[in-house]
$ cat my_file-v9.pdb   # PDB, C-alpha atoms, pLDDT in the B column
MODEL        1
ATOM      1  CA  MET G   1      -0.606  -4.159  -2.309  1.00 49.00           C
ATOM      2  CA  HIS G   2       0.157  -6.714   0.406  1.00 56.00           C
ATOM      3  CA  PRO G   3      -1.976  -9.717  -0.640  1.00 54.00           C
ATOM      4  CA  PHE G   4      -0.888  -9.926  -4.242  1.00 45.00           C
ATOM      5  CA  GLY G   5       2.763  -9.416  -5.015  1.00 44.00           C
ATOM      6  CA  GLY G   6       3.806  -6.724  -2.494  1.00 46.00           C
ATOM      7  CA  ARG G   7       7.560  -6.610  -1.890  1.00 36.00           C
ATOM      8  CA  LEU G   8       8.337  -7.431   1.756  1.00 40.00           C
ATOM      9  CA  ARG G   9      11.941  -6.168   2.281  1.00 46.00           C
ATOM     10  CA  ILE G  10      12.347  -8.837   4.984  1.00 42.00           C
ATOM     11  CA  ARG G  11      15.704  -7.880   6.493  1.00 35.00           C
ATOM     12  CA  ASP G  12      14.725  -4.233   6.968  1.00 46.00           C
ATOM     13  CA  MET G  13      11.356  -5.213   8.417  1.00 49.00           C
ATOM     14  CA  ILE G  14      12.878  -7.588  10.966  1.00 43.00           C
ATOM     15  CA  MET G  15      15.199  -4.860  12.234  1.00 42.00           C
ATOM     16  CA  ARG G  16      12.454  -2.224  12.418  1.00 52.00           C
ATOM     17  CA  ARG G  17       9.909  -4.515  14.059  1.00 51.00           C
ATOM     18  CA  THR G  18      12.372  -5.800  16.641  1.00 44.00           C
ATOM     19  CA  PHE G  19      13.489  -2.290  17.605  1.00 45.00           C
ATOM     20  CA  TRP G  20       9.906  -1.116  17.896  1.00 49.00           C
ATOM     21  CA  TRP G  21       8.797  -3.940  20.213  1.00 51.00           C
ATOM     22  CA  VAL G  22      11.869  -3.691  22.413  1.00 47.00           C
ATOM     23  CA  ALA G  23      11.434   0.075  22.719  1.00 50.00           C
ATOM     24  CA  ILE G  24       7.841  -0.114  23.892  1.00 54.00           C
ATOM     25  CA  ALA G  25       7.849  -3.297  25.968  1.00 50.00           C
ATOM     26  CA  GLN G  26       8.870  -1.685  29.265  1.00 47.00           C
ATOM     27  CA  ALA G  27       6.439   1.216  28.846  1.00 52.00           C
ATOM     28  CA  ALA G  28       3.385  -0.833  27.917  1.00 50.00           C
ATOM     29  CA  LEU G  29       1.997  -1.937  31.275  1.00 48.00           C
ATOM     30  CA  ALA G  30       2.873   1.315  33.025  1.00 48.00           C
ATOM     31  CA  LEU G  31       1.078   3.371  30.407  1.00 52.00           C
ATOM     32  CA  LEU G  32      -1.916   1.069  30.497  1.00 49.00           C
ATOM     33  CA  GLN G  33      -2.370   1.791  34.191  1.00 45.00           C
ATOM     34  CA  ALA G  34      -1.446   5.466  33.996  1.00 44.00           C
ATOM     35  CA  THR G  35      -3.942   6.356  31.298  1.00 46.00           C
ATOM     36  CA  MET G  36      -6.957   4.444  32.568  1.00 43.00           C
ATOM     37  CA  PRO G  37      -8.209   7.339  34.766  1.00 41.00           C
ATOM     38  CA  ALA G  38      -7.846   9.775  31.865  1.00 40.00           C
ATOM     39  CA  THR G  39      -9.972   7.580  29.619  1.00 49.00           C
ATOM     40  CA  ALA G  40     -12.653   6.688  32.136  1.00 46.00           C
ATOM     41  CA  ALA G  41     -14.923   9.409  30.768  1.00 45.00           C
ATOM     42  CA  ALA G  42     -15.035   7.585  27.442  1.00 57.00           C
ATOM     43  CA  ASP G  43     -16.512   4.467  29.058  1.00 59.00           C
ATOM     44  CA  THR G  44     -20.166   3.907  29.884  1.00 51.00           C
ATOM     45  CA  ALA G  45     -20.894   0.700  31.766  1.00 48.00           C
ATOM     46  CA  GLY G  46     -23.802  -1.425  30.639  1.00 55.00           C
ATOM     47  CA  SER G  47     -23.714  -0.612  26.922  1.00 90.00           C
ATOM     48  CA  THR G  48     -21.483  -1.453  24.016  1.00 96.00           C
ATOM     49  CA  GLN G  49     -19.430   1.174  22.218  1.00 97.00           C
ATOM     50  CA  GLN G  50     -17.718   1.349  18.861  1.00 98.00           C
ATOM     51  CA  VAL G  51     -14.596   2.967  17.510  1.00 98.00           C
ATOM     52  CA  VAL G  52     -13.003   2.781  14.071  1.00 98.00           C
ATOM     53  CA  LEU G  53      -9.219   2.443  14.039  1.00 99.00           C
ATOM     54  CA  ALA G  54      -6.790   2.550  11.121  1.00 99.00           C
ATOM     55  CA  GLY G  55      -3.229   1.309  11.340  1.00 98.00           C
ATOM     56  CA  GLY G  56      -2.028  -0.446   8.244  1.00 98.00           C
ATOM     57  CA  CYS G  57      -3.354  -3.662   6.767  1.00 98.00           C
ATOM     58  CA  PHE G  58      -6.682  -4.489   8.367  1.00 98.00           C
ATOM     59  CA  TRP G  59      -5.888  -8.218   8.553  1.00 98.00           C
ATOM     60  CA  GLY G  60      -3.546  -7.873  11.506  1.00 98.00           C
ATOM     61  CA  MET G  61      -5.561  -5.109  13.154  1.00 98.00           C
ATOM     62  CA  GLU G  62      -8.658  -7.286  13.090  1.00 98.00           C
ATOM     63  CA  ALA G  63      -6.799 -10.305  14.464  1.00 98.00           C
ATOM     64  CA  VAL G  64      -5.398  -8.326  17.386  1.00 98.00           C
ATOM     65  CA  PHE G  65      -8.641  -6.716  18.495  1.00 98.00           C
ATOM     66  CA  GLU G  66     -10.836  -9.777  18.115  1.00 98.00           C
ATOM     67  CA  SER G  67      -8.461 -11.508  20.564  1.00 98.00           C
ATOM     68  CA  LEU G  68      -9.408  -9.139  23.403  1.00 98.00           C
ATOM     69  CA  LYS G  69     -11.780  -9.861  26.258  1.00 98.00           C
ATOM     70  CA  GLY G  70     -14.772  -7.554  26.110  1.00 98.00           C
ATOM     71  CA  VAL G  71     -14.528  -7.041  22.347  1.00 98.00           C
ATOM     72  CA  THR G  72     -17.733  -8.449  20.904  1.00 98.00           C
ATOM     73  CA  ASN G  73     -17.220  -7.806  17.202  1.00 98.00           C
ATOM     74  CA  VAL G  74     -14.512  -6.630  14.795  1.00 98.00           C
ATOM     75  CA  VAL G  75     -15.122  -5.861  11.127  1.00 98.00           C
ATOM     76  CA  ALA G  76     -12.452  -5.092   8.540  1.00 98.00           C
ATOM     77  CA  GLY G  77     -13.361  -2.275   6.198  1.00 98.00           C
ATOM     78  CA  TYR G  78     -12.781   1.216   4.902  1.00 99.00           C
ATOM     79  CA  SER G  79     -13.278   4.662   6.413  1.00 98.00           C
ATOM     80  CA  GLY G  80     -12.467   8.197   5.333  1.00 98.00           C
ATOM     81  CA  GLY G  81     -13.870   8.152   1.805  1.00 98.00           C
ATOM     82  CA  SER G  82     -17.152   7.713  -0.018  1.00 98.00           C
ATOM     83  CA  LYS G  83     -19.411   4.694  -0.386  1.00 98.00           C
ATOM     84  CA  GLN G  84     -18.779   4.644  -4.130  1.00 98.00           C
ATOM     85  CA  THR G  85     -15.041   4.070  -3.664  1.00 98.00           C
ATOM     86  CA  ALA G  86     -15.206   1.631  -0.742  1.00 98.00           C
ATOM     87  CA  HIS G  87     -13.895  -1.290  -2.772  1.00 98.00           C
ATOM     88  CA  TYR G  88     -10.579  -3.040  -2.327  1.00 98.00           C
ATOM     89  CA  ASP G  89      -9.211  -2.423  -5.808  1.00 98.00           C
ATOM     90  CA  MET G  90     -10.087   1.270  -5.647  1.00 98.00           C
ATOM     91  CA  VAL G  91      -8.835   1.809  -2.095  1.00 98.00           C
ATOM     92  CA  SER G  92      -5.550   0.158  -3.084  1.00 98.00           C
ATOM     93  CA  THR G  93      -4.759   3.079  -5.400  1.00 98.00           C
ATOM     94  CA  GLY G  94      -4.394   5.398  -2.394  1.00 98.00           C
ATOM     95  CA  ASP G  95      -6.568   8.018  -4.102  1.00 98.00           C
ATOM     96  CA  THR G  96      -9.959   7.430  -2.454  1.00 98.00           C
ATOM     97  CA  GLY G  97      -9.441   9.057   0.936  1.00 98.00           C
ATOM     98  CA  HIS G  98     -10.177   5.724   2.577  1.00 98.00           C
ATOM     99  CA  ALA G  99      -7.954   4.030   5.130  1.00 98.00           C
ATOM    100  CA  GLU G 100      -8.008   0.296   5.725  1.00 98.00           C
ATOM    101  CA  SER G 101      -9.706   0.204   9.119  1.00 98.00           C
ATOM    102  CA  VAL G 102     -11.386  -1.975  11.692  1.00 99.00           C
ATOM    103  CA  GLN G 103     -14.657  -1.244  13.433  1.00 98.00           C
ATOM    104  CA  VAL G 104     -14.291  -2.452  17.020  1.00 98.00           C
ATOM    105  CA  THR G 105     -17.380  -3.069  19.154  1.00 98.00           C
ATOM    106  CA  PHE G 106     -16.622  -3.488  22.842  1.00 98.00           C
ATOM    107  CA  ASP G 107     -18.251  -3.677  26.262  1.00 98.00           C
ATOM    108  CA  PRO G 108     -16.692  -0.952  28.460  1.00 97.00           C
ATOM    109  CA  SER G 109     -17.647  -2.894  31.574  1.00 96.00           C
ATOM    110  CA  GLU G 110     -15.145  -5.568  30.458  1.00 97.00           C
ATOM    111  CA  ILE G 111     -12.493  -3.566  28.622  1.00 98.00           C
ATOM    112  CA  THR G 112     -11.945   0.176  28.866  1.00 97.00           C
ATOM    113  CA  PHE G 113     -11.364   2.552  25.998  1.00 98.00           C
ATOM    114  CA  GLY G 114      -7.979   3.231  27.563  1.00 98.00           C
ATOM    115  CA  GLN G 115      -7.084  -0.433  27.231  1.00 98.00           C
ATOM    116  CA  ILE G 116      -8.257  -0.389  23.611  1.00 98.00           C
ATOM    117  CA  LEU G 117      -5.912   2.546  23.011  1.00 98.00           C
ATOM    118  CA  SER G 118      -3.020   0.781  24.736  1.00 98.00           C
ATOM    119  CA  VAL G 119      -3.330  -2.214  22.440  1.00 98.00           C
ATOM    120  CA  TYR G 120      -3.766   0.027  19.395  1.00 98.00           C
ATOM    121  CA  PHE G 121      -0.658   2.091  20.041  1.00 98.00           C
ATOM    122  CA  LEU G 122       1.616  -0.497  21.639  1.00 98.00           C
ATOM    123  CA  VAL G 123       0.775  -3.695  19.764  1.00 98.00           C
ATOM    124  CA  ALA G 124      -1.496  -3.345  16.734  1.00 98.00           C
ATOM    125  CA  HIS G 125       0.638  -0.945  14.703  1.00 98.00           C
ATOM    126  CA  ASP G 126       3.520   1.530  14.722  1.00 98.00           C
ATOM    127  CA  PRO G 127       2.017   5.022  15.172  1.00 98.00           C
ATOM    128  CA  THR G 128       5.217   6.748  14.035  1.00 98.00           C
ATOM    129  CA  GLU G 129       4.993   5.581  10.413  1.00 98.00           C
ATOM    130  CA  LEU G 130       3.441   8.182   8.100  1.00 98.00           C
ATOM    131  CA  ASN G 131       1.182   6.885   5.320  1.00 98.00           C
ATOM    132  CA  ARG G 132       2.653   3.418   5.538  1.00 98.00           C
ATOM    133  CA  GLN G 133       2.893   0.447   7.849  1.00 97.00           C
ATOM    134  CA  GLY G 134       5.665  -2.067   7.524  1.00 93.00           C
ATOM    135  CA  PRO G 135       5.891  -3.217   3.901  1.00 95.00           C
ATOM    136  CA  ASP G 136       2.700  -1.413   2.853  1.00 98.00           C
ATOM    137  CA  GLU G 137       2.851   2.159   1.538  1.00 98.00           C
ATOM    138  CA  GLY G 138       0.141   4.715   0.771  1.00 98.00           C
ATOM    139  CA  THR G 139      -2.402   6.895   2.534  1.00 98.00           C
ATOM    140  CA  GLN G 140      -4.722   3.897   2.791  1.00 98.00           C
ATOM    141  CA  TYR G 141      -2.310   2.558   5.437  1.00 98.00           C
ATOM    142  CA  ARG G 142      -2.265   5.708   7.576  1.00 98.00           C
ATOM    143  CA  SER G 143      -2.616   5.766  11.336  1.00 98.00           C
ATOM    144  CA  ALA G 144      -5.954   7.259  12.372  1.00 99.00           C
ATOM    145  CA  ILE G 145      -8.592   7.139  15.078  1.00 99.00           C
ATOM    146  CA  PHE G 146     -12.111   7.890  13.845  1.00 98.00           C
ATOM    147  CA  TYR G 147     -13.748   8.939  17.111  1.00 98.00           C
ATOM    148  CA  GLU G 148     -17.497   8.664  17.640  1.00 97.00           C
ATOM    149  CA  THR G 149     -17.817  10.812  20.771  1.00 97.00           C
ATOM    150  CA  ASP G 150     -16.106  13.839  22.261  1.00 97.00           C
ATOM    151  CA  ALA G 151     -15.057  11.629  25.159  1.00 97.00           C
ATOM    152  CA  GLN G 152     -13.224   9.308  22.770  1.00 98.00           C
ATOM    153  CA  LYS G 153     -11.541  12.290  21.140  1.00 98.00           C
ATOM    154  CA  ARG G 154     -10.332  13.680  24.485  1.00 98.00           C
ATOM    155  CA  ALA G 155      -9.168  10.249  25.630  1.00 98.00           C
ATOM    156  CA  ALA G 156      -7.162   9.693  22.444  1.00 98.00           C
ATOM    157  CA  GLU G 157      -5.579  13.150  22.652  1.00 98.00           C
ATOM    158  CA  THR G 158      -4.631  12.565  26.273  1.00 98.00           C
ATOM    159  CA  TYR G 159      -3.202   9.143  25.523  1.00 98.00           C
ATOM    160  CA  ILE G 160      -1.004  10.467  22.724  1.00 98.00           C
ATOM    161  CA  LYS G 161       0.259  13.243  24.984  1.00 98.00           C
ATOM    162  CA  ASP G 162       1.104  10.670  27.661  1.00 98.00           C
ATOM    163  CA  LEU G 163       3.036   8.593  25.127  1.00 98.00           C
ATOM    164  CA  GLN G 164       4.936  11.633  23.919  1.00 98.00           C
ATOM    165  CA  ASP G 165       5.695  12.847  27.442  1.00 98.00           C
ATOM    166  CA  ALA G 166       7.000   9.378  28.312  1.00 97.00           C
ATOM    167  CA  LYS G 167       9.129   9.350  25.127  1.00 97.00           C
ATOM    168  CA  THR G 168       7.783   5.886  24.385  1.00 97.00           C
ATOM    169  CA  PHE G 169       8.792   6.188  20.738  1.00 98.00           C
ATOM    170  CA  ALA G 170      11.969   7.654  19.284  1.00 97.00           C
ATOM    171  CA  ALA G 171      10.027   9.266  16.415  1.00 98.00           C
ATOM    172  CA  PRO G 172       6.958  11.553  16.577  1.00 98.00           C
ATOM    173  CA  ILE G 173       3.496   9.995  16.675  1.00 98.00           C
ATOM    174  CA  VAL G 174       1.679  10.718  13.402  1.00 98.00           C
ATOM    175  CA  THR G 175      -1.742   9.289  14.315  1.00 98.00           C
ATOM    176  CA  LYS G 176      -4.611  11.524  13.182  1.00 98.00           C
ATOM    177  CA  ILE G 177      -7.656  11.938  15.420  1.00 98.00           C
ATOM    178  CA  VAL G 178     -10.611  12.651  13.155  1.00 98.00           C
ATOM    179  CA  PRO G 179     -14.414  12.530  13.495  1.00 98.00           C
ATOM    180  CA  PHE G 180     -16.165   9.398  12.335  1.00 98.00           C
ATOM    181  CA  HIS G 181     -18.473   9.782   9.335  1.00 98.00           C
ATOM    182  CA  ALA G 182     -18.990   6.331   7.850  1.00 98.00           C
ATOM    183  CA  PHE G 183     -17.573   2.835   7.810  1.00 98.00           C
ATOM    184  CA  TYR G 184     -17.936   0.382   4.949  1.00 98.00           C
ATOM    185  CA  PRO G 185     -17.227  -3.331   5.546  1.00 98.00           C
ATOM    186  CA  ALA G 186     -14.604  -4.843   3.277  1.00 98.00           C
ATOM    187  CA  GLU G 187     -15.221  -7.766   0.973  1.00 98.00           C
ATOM    188  CA  ALA G 188     -16.067 -11.095   2.602  1.00 98.00           C
ATOM    189  CA  TYR G 189     -12.689 -12.684   1.848  1.00 98.00           C
ATOM    190  CA  HIS G 190     -10.953 -10.036   3.976  1.00 98.00           C
ATOM    191  CA  GLN G 191     -12.991 -10.800   7.105  1.00 98.00           C
ATOM    192  CA  HIS G 192     -11.122 -12.875   9.722  1.00 98.00           C
ATOM    193  CA  PHE G 193      -8.332 -13.341   7.194  1.00 98.00           C
ATOM    194  CA  VAL G 194      -5.658 -14.254   9.746  1.00 98.00           C
ATOM    195  CA  GLN G 195      -7.905 -16.825  11.376  1.00 98.00           C
ATOM    196  CA  HIS G 196      -8.685 -18.426   8.024  1.00 98.00           C
ATOM    197  CA  ASN G 197      -5.186 -18.134   6.549  1.00 98.00           C
ATOM    198  CA  PRO G 198      -2.625 -18.534   9.363  1.00 98.00           C
ATOM    199  CA  ASP G 199       0.019 -19.916   6.975  1.00 98.00           C
ATOM    200  CA  TYR G 200      -0.227 -17.098   4.423  1.00 98.00           C
ATOM    201  CA  PRO G 201       3.313 -15.631   4.118  1.00 98.00           C
ATOM    202  CA  TYR G 202       2.263 -12.030   4.780  1.00 98.00           C
ATOM    203  CA  VAL G 203       0.346 -13.164   7.877  1.00 98.00           C
ATOM    204  CA  VAL G 204       3.238 -15.280   9.181  1.00 98.00           C
ATOM    205  CA  PHE G 205       5.708 -12.424   8.927  1.00 97.00           C
ATOM    206  CA  ASN G 206       3.574  -9.394   9.810  1.00 98.00           C
ATOM    207  CA  ASP G 207       0.548 -10.492  11.827  1.00 98.00           C
ATOM    208  CA  LEU G 208       1.342 -13.587  13.895  1.00 98.00           C
ATOM    209  CA  PRO G 209       4.174 -11.714  15.693  1.00 98.00           C
ATOM    210  CA  LYS G 210       1.631  -9.081  16.747  1.00 98.00           C
ATOM    211  CA  LEU G 211      -0.545 -11.745  18.343  1.00 98.00           C
ATOM    212  CA  LYS G 212       2.480 -13.181  20.141  1.00 98.00           C
ATOM    213  CA  HIS G 213       3.416  -9.699  21.346  1.00 98.00           C
ATOM    214  CA  LEU G 214      -0.149  -9.120  22.538  1.00 98.00           C
ATOM    215  CA  ARG G 215      -0.108 -12.297  24.634  1.00 98.00           C
ATOM    216  CA  GLU G 216       3.255 -11.350  26.135  1.00 98.00           C
ATOM    217  CA  GLN G 217       2.494  -7.704  26.958  1.00 97.00           C
ATOM    218  CA  PHE G 218      -1.203  -7.846  27.856  1.00 98.00           C
ATOM    219  CA  PRO G 219      -2.005 -11.442  28.869  1.00 98.00           C
ATOM    220  CA  GLN G 220      -4.756 -10.199  31.179  1.00 98.00           C
ATOM    221  CA  LEU G 221      -6.652  -8.748  28.205  1.00 98.00           C
ATOM    222  CA  VAL G 222      -6.517 -11.791  25.930  1.00 98.00           C
ATOM    223  CA  LYS G 223      -9.416 -14.207  25.563  1.00 97.00           C
ATOM    224  CA  LYS G 224      -8.721 -17.714  26.774  1.00 89.00           C
TER
ENDMDL
END

$ encode --input "my_file-v9.pdb" --output "structure tokens"
Amino acid sequence: MHPFGGRLRIRDMIMRRTFWWVAIAQAALALLQATMPATAAADTAGSTQQVVLAGGCFWGMEAVFESLKGVTNVVAGYSGGSKQTAHYDMVSTGDTGHAESVQVTFDPSEITFGQILSVYFLVAHDPTELNRQGPDEGTQYRSAIFYETDAQKRAAETYIKDLQDAKTFAAPIVTKIVPFHAFYPAEAYHQHFVQHNPDYPYVVFNDLPKLKHLREQFPQLVKK
């Protein structure tokens, strides 16, 4: 797995990552504006909301979402399996049903669910990769939205349809939209990993470029 001895295939990753960001750059801001009305029903002003998102290694996912205005808390963890198997070594086998995930708590009066979805699909991960993300392979790296309300479910379905209609990606979107059942925080050393380990090779190659891309594509959403 990525932290301990995962093979990075650097040349292939550079080509894939560059193509992905170039392909979505022009569509990002337009889709952000276009989908906000469709996701308004998922937002309730005056109270915080949560959503659990999976999209590859939770280090980079956490770093991206905790950079956003209106996001009050992000926790790296596991979702999709049982409490008994919610441990890093077990999840790494790919046999637990868990996905590495982040639990995002946000204030919809400051950032909409539509904006959360825009960052998720256009910055945080590649939603066209099935059971993998970049150098990491296995079902624990799948793309999934664990919705907590029917409004979140409808908003996510609408957003994916908008992306597909706009042909934002050359390949089909494989993100699963599934009901939330439970979330289990990961071990302490995984929390805020990018912040604590900015020079770690995996972080330098896979996660810091996401933060740069976030600042370039959605500067209005990034905390000062």

$ resolve_selection --input "my_file-v9.pdb" --expression "the PyMOL selection byres ((chain G and resi 188) around 12)" --output "number ranges by chain"
G: 75-77, 87-88, 184-187, 189-193, 196

$ resolve_selection --input "my_file-v9.pdb" --expression "the PyMOL selection byres ((chain G and resi 125-130) around 6)" --output "PyMOL selection string"
chain G and resi 55+123-124+131-132+171-175

$ residues_around --input "my_file-v9.pdb" --residues "Gln195 in chain G" --least-positions-apart "2" --cutoff "12 Å" --atoms "only C-alpha atoms" --output "PyMOL selection string"
chain G and resi 59-60+62-64+66-67+189-193+197-200+203-204+207-208+211

$ atom_distance --input "my_file-v9.pdb" --atom1 "CA of Val52 in chain G" --atom2 "CA of Tyr147 in chain G"
6.9 Å

$ atom_distance --input "my_file-v9.pdb" --atom1 "CA of Thr112 in chain G" --atom2 "CA of Thr168 in chain G"
21.0 Å

$ axis_aligned_box --input "my_file-v9.pdb" --around "range 97-106 of chain G" --padding-each-side "8 Å" --output "JSON"
{"center_x": -12.7, "center_y": 2.8, "center_z": 11.9, "size_x": 25.4, "size_y": 28.5, "size_z": 37.9}

$ residues_around --input "my_file-v9.pdb" --residues "range 95-103 of chain G" --least-positions-apart "2" --cutoff "7 Å" --atoms "all atoms listed in the file" --output "PDB file with C-alpha atoms, in the coordinates of the input"
ATOM      1  CA  GLN G  50     -17.718   1.349  18.861  1.00 98.00           C
ATOM      2  CA  VAL G  51     -14.596   2.967  17.510  1.00 98.00           C
ATOM      3  CA  VAL G  52     -13.003   2.781  14.071  1.00 98.00           C
ATOM      4  CA  LEU G  53      -9.219   2.443  14.039  1.00 99.00           C
ATOM      5  CA  ALA G  54      -6.790   2.550  11.121  1.00 99.00           C
ATOM      6  CA  GLY G  55      -3.229   1.309  11.340  1.00 98.00           C
ATOM      7  CA  GLY G  56      -2.028  -0.446   8.244  1.00 98.00           C
ATOM      8  CA  CYS G  57      -3.354  -3.662   6.767  1.00 98.00           C
ATOM      9  CA  PHE G  58      -6.682  -4.489   8.367  1.00 98.00           C
ATOM     10  CA  MET G  61      -5.561  -5.109  13.154  1.00 98.00           C
ATOM     11  CA  GLU G  62      -8.658  -7.286  13.090  1.00 98.00           C
ATOM     12  CA  VAL G  74     -14.512  -6.630  14.795  1.00 98.00           C
ATOM     13  CA  VAL G  75     -15.122  -5.861  11.127  1.00 98.00           C
ATOM     14  CA  ALA G  76     -12.452  -5.092   8.540  1.00 98.00           C
ATOM     15  CA  GLY G  77     -13.361  -2.275   6.198  1.00 98.00           C
ATOM     16  CA  TYR G  78     -12.781   1.216   4.902  1.00 99.00           C
ATOM     17  CA  SER G  79     -13.278   4.662   6.413  1.00 98.00           C
ATOM     18  CA  GLY G  80     -12.467   8.197   5.333  1.00 98.00           C
ATOM     19  CA  GLY G  81     -13.870   8.152   1.805  1.00 98.00           C
ATOM     20  CA  THR G  85     -15.041   4.070  -3.664  1.00 98.00           C
ATOM     21  CA  MET G  90     -10.087   1.270  -5.647  1.00 98.00           C
ATOM     22  CA  VAL G  91      -8.835   1.809  -2.095  1.00 98.00           C
ATOM     23  CA  THR G  93      -4.759   3.079  -5.400  1.00 98.00           C
ATOM     24  CA  THR G 105     -17.380  -3.069  19.154  1.00 98.00           C
ATOM     25  CA  THR G 139      -2.402   6.895   2.534  1.00 98.00           C
ATOM     26  CA  GLN G 140      -4.722   3.897   2.791  1.00 98.00           C
ATOM     27  CA  TYR G 141      -2.310   2.558   5.437  1.00 98.00           C
ATOM     28  CA  ARG G 142      -2.265   5.708   7.576  1.00 98.00           C
TER      29      ARG G 142
END

$ atom_distance --input "my_file-v9.pdb" --atom1 "CA of Thr48 in chain G" --atom2 "CA of Phe106 in chain G"
5.4 Å

$ closest_residue --input "my_file-v9.pdb" --among "G:Gly134, G:Ser47, G:Asp165, G:Ala86" --to "Ser109 in chain G" --atoms "only C-alpha atoms"
G:Ser47

$ resolve_selection --input "my_file-v9.pdb" --expression "the PyMOL selection byres ((chain G and resi 69) around 8)" --output "list of chain:residue names"
G:Ser67, G:Leu68, G:Gly70, G:Val71, G:Glu110, G:Ile111, G:Leu221, G:Val222, G:Lys223

$ closest_residue --input "my_file-v9.pdb" --among "G:Asp107, G:Leu117, G:Pro135, G:Asp89" --to "Leu163 in chain G" --atoms "all atoms listed in the file"
G:Leu117

$ closest_residue --input "my_file-v9.pdb" --among "G:Val104, G:Val194, G:Ile160, G:Ala151" --to "Ser118 in chain G" --atoms "only C-alpha atoms"
G:Ile160
